[in-house]
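These notes concern the structure reproduced below.
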Amino acid sequence: MAITVKVMRRPEAGRTSYMRATLKGMSLTFKHLVRPSHVTLQYPEEQPDLSPRWRGTHRMEVHADGRPKCVACGLCPTVCPANCIRLVGGEDDQGNRYPIVYEIDEFRCIFCGMCQEVCPVEAIHVGQHFENAEYTRDRFVYDLDRLMEQDHPSTLLWDPADPRSE
Amino acid sequence: MGEMNELTTTWFVVIGAVKVIAIFSVVMGAVAYMTLAERRVSAFIQDRLGPNRVGPFGLLQPIADGLKNVIKEETMPGTAAKFYFVLGPALAIMPAVITFAVIPVAAPLPTPVGTVDMIVADVPIGILYILALSSLAVYGIVLSGWASNNKYAFLGGLRASAQMISYEVALGLSVIAVLLLAGNVTLTEMVWQQQQLGLWFVFPLSLAFIFFLISALAETNRLPFDMPEAESELISGYHTEYSAMKFSMFFIAEYSHVLTASALMATLFFGGWDIPLWTGDDMFRHGDGWIRGFDAAGAPIPATPHVLITLLTLGAFAAKTAFFVLLYIWIRWTLPRFRYDQVMHLGWKVLLPAALGYIMLIAGTMLVLDQLGVPFGFLYGAVLTGVSGVTTVAFLFFVDRDRVISGAHRKRDVARRRVTATTGVDGGAVSN
């Protein structure tokens, strides 16, 4: 492959006006000084608008009686590309399957949202949430109770107004 | 003649002490808030917000910074020359702070115990005192650069000494034009002369003002002349090894220098505390009273100091100084840093001869005007304004258009010409 050289076009000698360049620069900075176009978000007070498709930390949907909707089918740990979901299923007296252990390691999670996509009962969701700070590392393994406590909105993996992502 | 209440010796000492404390605290406070102004203005220029968390609009930020700097750990490089390392910041800060003593900040203030000059020390050598002391600041920088035993700090110190000595010359020469016109070196007298002329010296001495502005930028080590610091080349130059309050002292020194230079520009070229287009504030000590000026017959017109006039003139002085401080900040966040050779070139080969020539021109014009018997007044100033205006335009035209400071294309063009000359073919883009 031929090497291409980019030649910088510089003004010719005697054609450069430093005075005018300086004054132009000064007027430019002055315009910004008197009419700044602030793009900074005053974060703790102002919150960013998250996209409906934003994929953040998970939450588990619950039934009205407080049981998790999860039926421990095992699809999410199977589909999870990061292998971050640990599921131990059980069965109660009526023969309903339920999760005994359901843990998600949010450090390993890549927030692809495939667990939400694959879930047959719409139990596990990724959420529109990003403030995940904790004081210890082990707090990042979310257990079932933690996942059920999460109250941020769930992600719409597709935008109902724009179903084909156009 | 206006009533003149001379202060008794006791009151002179008491009021002198009060003035010293007042001016020192105001300068220190102004310096603290200049750091905030610098950060906020630079932020706005760059479409950011700047520090706005501590207090309303970030107004308590300087206090938080000061507190942080006081309680931070002082580090001392193991190989530093300890005595000079500690002496450096002190030497840097002292001249910066005490130069403000000879700048008059307002019209005289009448008090029950006598009329008080609004100046800490109305020394007869005025501007010479400032020139002498502000040059001492270079010792602080060079010493701290050398004592750090760090090559970047040392380079910063070397650059500072070269630059400050070079521009001291241009600064002094631009001041000489002012001294010629004012006929005196006392700053109170200069304010008075500008009131008498009816024109601020910036008009009759426009080129001297431009020289002074450029040299003052270089003297205070502000961008585009911040060779001693040059973050991208020398880490941060002479104060690389300093931390905590010693580091902070260099900043206080720099901003005090900026403040003094701004106040000096306001005094020398913009009438000091004079309020434009109003002769009511004209006031000068004459004999044993205060006069506004002389009437046609040469008899003095008395002036009465008033608290209101003092406050108004103080406001005028503060506004002018603040304008120049903002100009400094504005320039800093617009222009990139000069190359070292460009700084030296501008100082020695452009400003020095140009300032010398300008002094000759002003002196010649004044000689002609004096010979023609034109009285020191508006006409006198107008003629000088015309002469200076033409000279300024000519100078700027000469400096402009690549005639003085060559850009990056110069070497390439020379190389191309050489190739064309030897081969007869345009060499095109010769690497360089």
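Numbering starts fresh at 1 for the residues of each chain in the structure tokens, the chains themselves are lettered A, B, ... in the order given, and ligands are numbered from 1 as they appear.
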Residue neighbourhood Ser51 of chain A, 10 Å, only C-alpha atoms, exclusion window fewer than 2 positions, as a ChimeraX atom specification: /A:48-49,53-55,128,155-156,159
Can you pull out the residues contacting Phe284 of chain B? Cut-off 10 Å, using only C-alpha atoms, and skip same-chain residues under 6 positions away; I want them as a PDB file with N, CA and C atoms, in the first residue's frame.
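Printed below is result_37.pdb as written:
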ATOM      1  N   ALA B 107      -9.276  60.275  45.082  1.00  0.00           N
ATOM      2  CA  ALA B 107      -9.081  61.671  45.469  1.00  0.00           C
ATOM      3  C   ALA B 107      -8.949  61.758  46.985  1.00  0.00           C
ATOM      4  N   PRO B 108      -8.292  62.815  47.493  1.00  0.00           N
ATOM      5  CA  PRO B 108      -8.085  62.913  48.941  1.00  0.00           C
ATOM      6  C   PRO B 108      -9.391  62.883  49.725  1.00  0.00           C
ATOM      7  N   THR B 188       1.022  60.582  41.759  1.00  0.00           N
ATOM      8  CA  THR B 188      -0.050  61.554  42.023  1.00  0.00           C
ATOM      9  C   THR B 188       0.048  62.707  41.029  1.00  0.00           C
ATOM     10  N   GLU B 189       1.282  63.114  40.739  1.00  0.00           N
ATOM     11  CA  GLU B 189       1.494  64.211  39.792  1.00  0.00           C
ATOM     12  C   GLU B 189       1.036  63.808  38.391  1.00  0.00           C
ATOM     13  N   VAL B 191      -1.364  61.724  37.586  1.00  0.00           N
ATOM     14  CA  VAL B 191      -2.829  61.797  37.540  1.00  0.00           C
ATOM     15  C   VAL B 191      -3.251  63.243  37.332  1.00  0.00           C
ATOM     16  N   TRP B 192      -2.614  64.129  38.055  1.00  0.00           N
ATOM     17  CA  TRP B 192      -2.914  65.554  37.970  1.00  0.00           C
ATOM     18  C   TRP B 192      -2.636  66.089  36.568  1.00  0.00           C
ATOM     19  N   GLN B 193      -1.500  65.685  35.978  1.00  0.00           N
ATOM     20  CA  GLN B 193      -1.160  66.153  34.637  1.00  0.00           C
ATOM     21  C   GLN B 193      -2.197  65.697  33.617  1.00  0.00           C
ATOM     22  N   GLN B 195      -5.306  65.162  34.263  1.00  0.00           N
ATOM     23  CA  GLN B 195      -6.503  65.975  34.458  1.00  0.00           C
ATOM     24  C   GLN B 195      -6.324  67.344  33.816  1.00  0.00           C
ATOM     25  N   TRP B 290      -5.645  72.525  48.447  1.00  0.00           N
ATOM     26  CA  TRP B 290      -5.974  71.682  47.304  1.00  0.00           C
ATOM     27  C   TRP B 290      -6.533  72.556  46.203  1.00  0.00           C
ATOM     28  N   ILE B 291      -6.021  72.363  44.969  1.00  0.00           N
ATOM     29  CA  ILE B 291      -6.494  73.201  43.874  1.00  0.00           C
ATOM     30  C   ILE B 291      -7.060  72.327  42.769  1.00  0.00           C
ATOM     31  N   ARG B 292      -7.943  72.931  41.989  1.00  0.00           N
ATOM     32  CA  ARG B 292      -8.554  72.232  40.868  1.00  0.00           C
ATOM     33  C   ARG B 292      -7.750  72.502  39.593  1.00  0.00           C
ATOM     34  N   GLY B 293      -7.139  73.651  39.520  1.00  0.00           N
ATOM     35  CA  GLY B 293      -6.367  74.008  38.336  1.00  0.00           C
ATOM     36  C   GLY B 293      -6.009  75.470  38.429  1.00  0.00           C
ATOM     37  N   PRO B 302      -9.328  76.943  43.831  1.00  0.00           N
ATOM     38  CA  PRO B 302      -9.345  75.991  44.951  1.00  0.00           C
ATOM     39  C   PRO B 302     -10.299  74.821  44.702  1.00  0.00           C
ATOM     40  N   ALA B 303      -9.995  73.696  45.313  1.00  0.00           N
ATOM     41  CA  ALA B 303     -10.859  72.523  45.235  1.00  0.00           C
ATOM     42  C   ALA B 303     -11.170  72.067  46.645  1.00  0.00           C
ATOM     43  N   PRO B 305     -12.037  68.857  48.896  1.00  0.00           N
ATOM     44  CA  PRO B 305     -12.188  67.399  48.981  1.00  0.00           C
ATOM     45  C   PRO B 305     -13.525  67.048  49.598  1.00  0.00           C
TER      46      PRO B 305
END
Non-local contacts of segment 82-98 of chain A (8 Å; only C-alpha atoms; under 4 positions in same chain excluded) as number ranges by chain: A: 68, 70-74, 76-78, 102-106, 108-110
Go through chain A residue by residue and, counting only C-alpha atoms, keep those with an atom at most 12 Å from chain B; for each kept residue give the shortest atom pair and its distance in Å to one decimal, ordered by chain and increasing number, as a Markdown table.
| residue | atom | partner | partner_atom | distance |
| --- | --- | --- | --- | --- |
| A:Val5 | CA | B:Ala429 | CA | 9.9 |
| A:Lys6 | CA | B:Ala429 | CA | 9.9 |
| A:Val7 | CA | B:Ala429 | CA | 6.9 |
| A:Met8 | CA | B:Ala429 | CA | 9.0 |
| A:Arg9 | CA | B:His409 | CA | 9.1 |
| A:Arg10 | CA | B:His409 | CA | 6.1 |
| A:Pro11 | CA | B:His409 | CA | 7.0 |
| A:Glu12 | CA | B:His409 | CA | 6.9 |
| A:Ala13 | CA | B:Arg410 | CA | 6.4 |
| A:Gly14 | CA | B:Asp402 | CA | 5.2 |
| A:Arg15 | CA | B:Arg401 | CA | 6.0 |
| A:Thr16 | CA | B:Arg401 | CA | 5.1 |
| A:Ser17 | CA | B:Arg401 | CA | 4.3 |
| A:Tyr18 | CA | B:Asp400 | CA | 5.5 |
| A:Met19 | CA | B:Asp400 | CA | 5.5 |
| A:Arg20 | CA | B:Asp400 | CA | 8.0 |
| A:Ala21 | CA | B:Asp400 | CA | 9.7 |
| A:Thr22 | CA | B:Leu335 | CA | 7.2 |
| A:Leu23 | CA | B:Thr334 | CA | 9.5 |
| A:Lys24 | CA | B:Thr334 | CA | 9.7 |
| A:Gly25 | CA | B:Thr334 | CA | 6.1 |
| A:Met26 | CA | B:Thr334 | CA | 5.9 |
| A:Ser27 | CA | B:Thr334 | CA | 9.2 |
| A:Leu28 | CA | B:Thr334 | CA | 8.5 |
| A:Thr29 | CA | B:Ile45 | CA | 5.4 |
| A:Phe30 | CA | B:Ile45 | CA | 7.0 |
| A:Lys31 | CA | B:Ile45 | CA | 8.0 |
| A:His32 | CA | B:Ile45 | CA | 4.9 |
| A:Leu33 | CA | B:Ile45 | CA | 4.6 |
| A:Val34 | CA | B:Phe44 | CA | 7.9 |
| A:Arg35 | CA | B:Phe44 | CA | 8.2 |
| A:Pro36 | CA | B:Asp47 | CA | 5.3 |
| A:Ser37 | CA | B:Asp47 | CA | 5.6 |
| A:His38 | CA | B:Asp47 | CA | 5.2 |
| A:Val39 | CA | B:Asp47 | CA | 7.2 |
| A:Thr40 | CA | B:Arg48 | CA | 6.5 |
| A:Leu41 | CA | B:Leu49 | CA | 9.6 |
| A:Gln42 | CA | B:Leu49 | CA | 9.4 |
| A:Tyr43 | CA | B:Arg53 | CA | 11.7 |
| A:Pro44 | CA | B:Arg53 | CA | 11.4 |
| A:Glu45 | CA | B:Arg53 | CA | 11.6 |
Neighbour list for Tyr152 of chain B as a list of chain:residue names, cut-off 6 Å, only C-alpha atoms, skip fewer than 2 positions in-chain: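 In the requested form, the answer reads B:Asn150, B:Phe154, B:Leu155, B:Leu234, B:Gly237.
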Got time to write the residues from that selection, N, CA and C atoms, as a short mmCIF file (atom, residue, chain, number, x, y, z; two decimals), in the first residue's frame?
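Dumped everything to selection-v7.cif:
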data_model
loop_
_atom_site.label_atom_id
_atom_site.label_comp_id
_atom_site.auth_asym_id
_atom_site.auth_seq_id
_atom_site.Cartn_x
_atom_site.Cartn_y
_atom_site.Cartn_z
N ASN B 150 16.04 20.83 40.06
CA ASN B 150 15.22 20.10 39.11
C ASN B 150 15.43 20.78 37.77
N PHE B 154 14.81 24.65 36.86
CA PHE B 154 15.98 25.47 36.55
C PHE B 154 15.79 26.18 35.21
N LEU B 155 15.31 25.43 34.21
CA LEU B 155 15.05 26.03 32.90
C LEU B 155 14.03 27.16 33.03
N LEU B 234 7.75 22.60 30.38
CA LEU B 234 8.55 22.54 31.62
C LEU B 234 7.74 22.07 32.82
N GLY B 237 7.52 24.72 35.27
CA GLY B 237 8.62 25.67 35.41
C GLY B 237 9.13 25.80 36.83
#
Distance of atom CA of Glu38 of chain B from atom CA of Thr321 of chain B, expressed in Å to one decimal place: 14.7 Å
Test item, helix (DSSP H, G or I) assignment across segment 8-161 of chain A, answer as a PyMOL selection string: chain A and resi 18-34+75-79+114-118+137-140+144-149
Show me, as a PDB file with C-alpha atoms, in the first residue's frame, the residues that have an atom within 7 Å of Arg59 of chain A when counting only C-alpha atoms, minus same-chain residues fewer than 5 positions from it.
ATOM      1  CA  ILE A 124     -35.712 -10.132  34.835  1.00  0.00           C
ATOM      2  CA  HIS A 125     -35.133  -6.713  33.301  1.00  0.00           C
ATOM      3  CA  VAL A 126     -32.243  -4.380  32.752  1.00  0.00           C
ATOM      4  CA  GLY A 127     -33.084  -0.927  34.026  1.00  0.00           C
ATOM      5  CA  LEU A 147     -33.065  -7.302  42.575  1.00  0.00           C
ATOM      6  CA  MET A 148     -36.676  -7.237  43.759  1.00  0.00           C
ATOM      7  CA  GLN A 150     -34.792  -2.100  42.703  1.00  0.00           C
TER       8      GLN A 150
END
Strand (DSSP E or B) call set, DSSP backbone run, chain A, as a PyMOL selection string: chain A and resi 58-60+62+68+85-91+97-105+124-127+141-142+154+159+162
Near-Glu122 of chain A list (9 Å; only C-alpha atoms; drop same-chain fewer than 2 positions) as a PyMOL selection string: chain A and resi 60-61+69-70+116-120+124-125
With N, CA and C atoms kept, could you save the residues just selected as a CSV table (one decimal), in the first residue's frame?
chain,number,residue,atom,x,y,z
A,60,MET,N,-35.8,-7.3,39.3
A,60,MET,CA,-36.7,-8.5,39.1
A,60,MET,C,-38.1,-8.0,39.3
A,61,GLU,N,-39.0,-8.4,38.4
A,61,GLU,CA,-40.4,-8.0,38.6
A,61,GLU,C,-41.0,-9.0,39.7
A,69,LYS,N,-41.4,-13.0,39.9
A,69,LYS,CA,-42.0,-13.6,38.8
A,69,LYS,C,-41.2,-14.7,38.2
A,70,CYS,N,-40.0,-14.7,38.5
A,70,CYS,CA,-39.1,-15.7,37.9
A,70,CYS,C,-39.6,-17.2,38.2
A,116,GLN,N,-33.1,-10.2,29.6
A,116,GLN,CA,-34.5,-9.6,29.5
A,116,GLN,C,-35.2,-10.1,28.2
A,117,GLU,N,-34.4,-10.2,27.1
A,117,GLU,CA,-35.0,-10.6,25.9
A,117,GLU,C,-35.5,-12.1,25.9
A,118,VAL,N,-34.7,-12.9,26.6
A,118,VAL,CA,-35.0,-14.4,26.6
A,118,VAL,C,-36.0,-14.8,27.6
A,119,CYS,N,-36.2,-13.9,28.6
A,119,CYS,CA,-37.1,-14.3,29.8
A,119,CYS,C,-38.5,-14.6,29.3
A,120,PRO,N,-39.1,-15.8,29.5
A,120,PRO,CA,-40.4,-16.1,29.0
A,120,PRO,C,-41.5,-15.5,29.8
A,124,ILE,N,-37.0,-10.9,34.7
A,124,ILE,CA,-35.7,-10.1,34.8
A,124,ILE,C,-35.6,-9.0,33.8
A,125,HIS,N,-35.2,-7.9,34.2
A,125,HIS,CA,-35.1,-6.7,33.3
A,125,HIS,C,-33.8,-6.0,33.6
Straight-line distance linking atom CA of Ala208 of chain B with atom CA of Phe269 of chain B, stated in Å to one decimal: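 Separating atom CA of Ala208 of chain B from atom CA of Phe269 of chain B is a distance of 9.0 Å.
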Computed interatomic separation between atom CA of Thr35 of chain B and atom CA of Ala132 of chain B (Å):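 Calculated distance between atom CA of Thr35 of chain B and atom CA of Ala132 of chain B is 26.2 Å.
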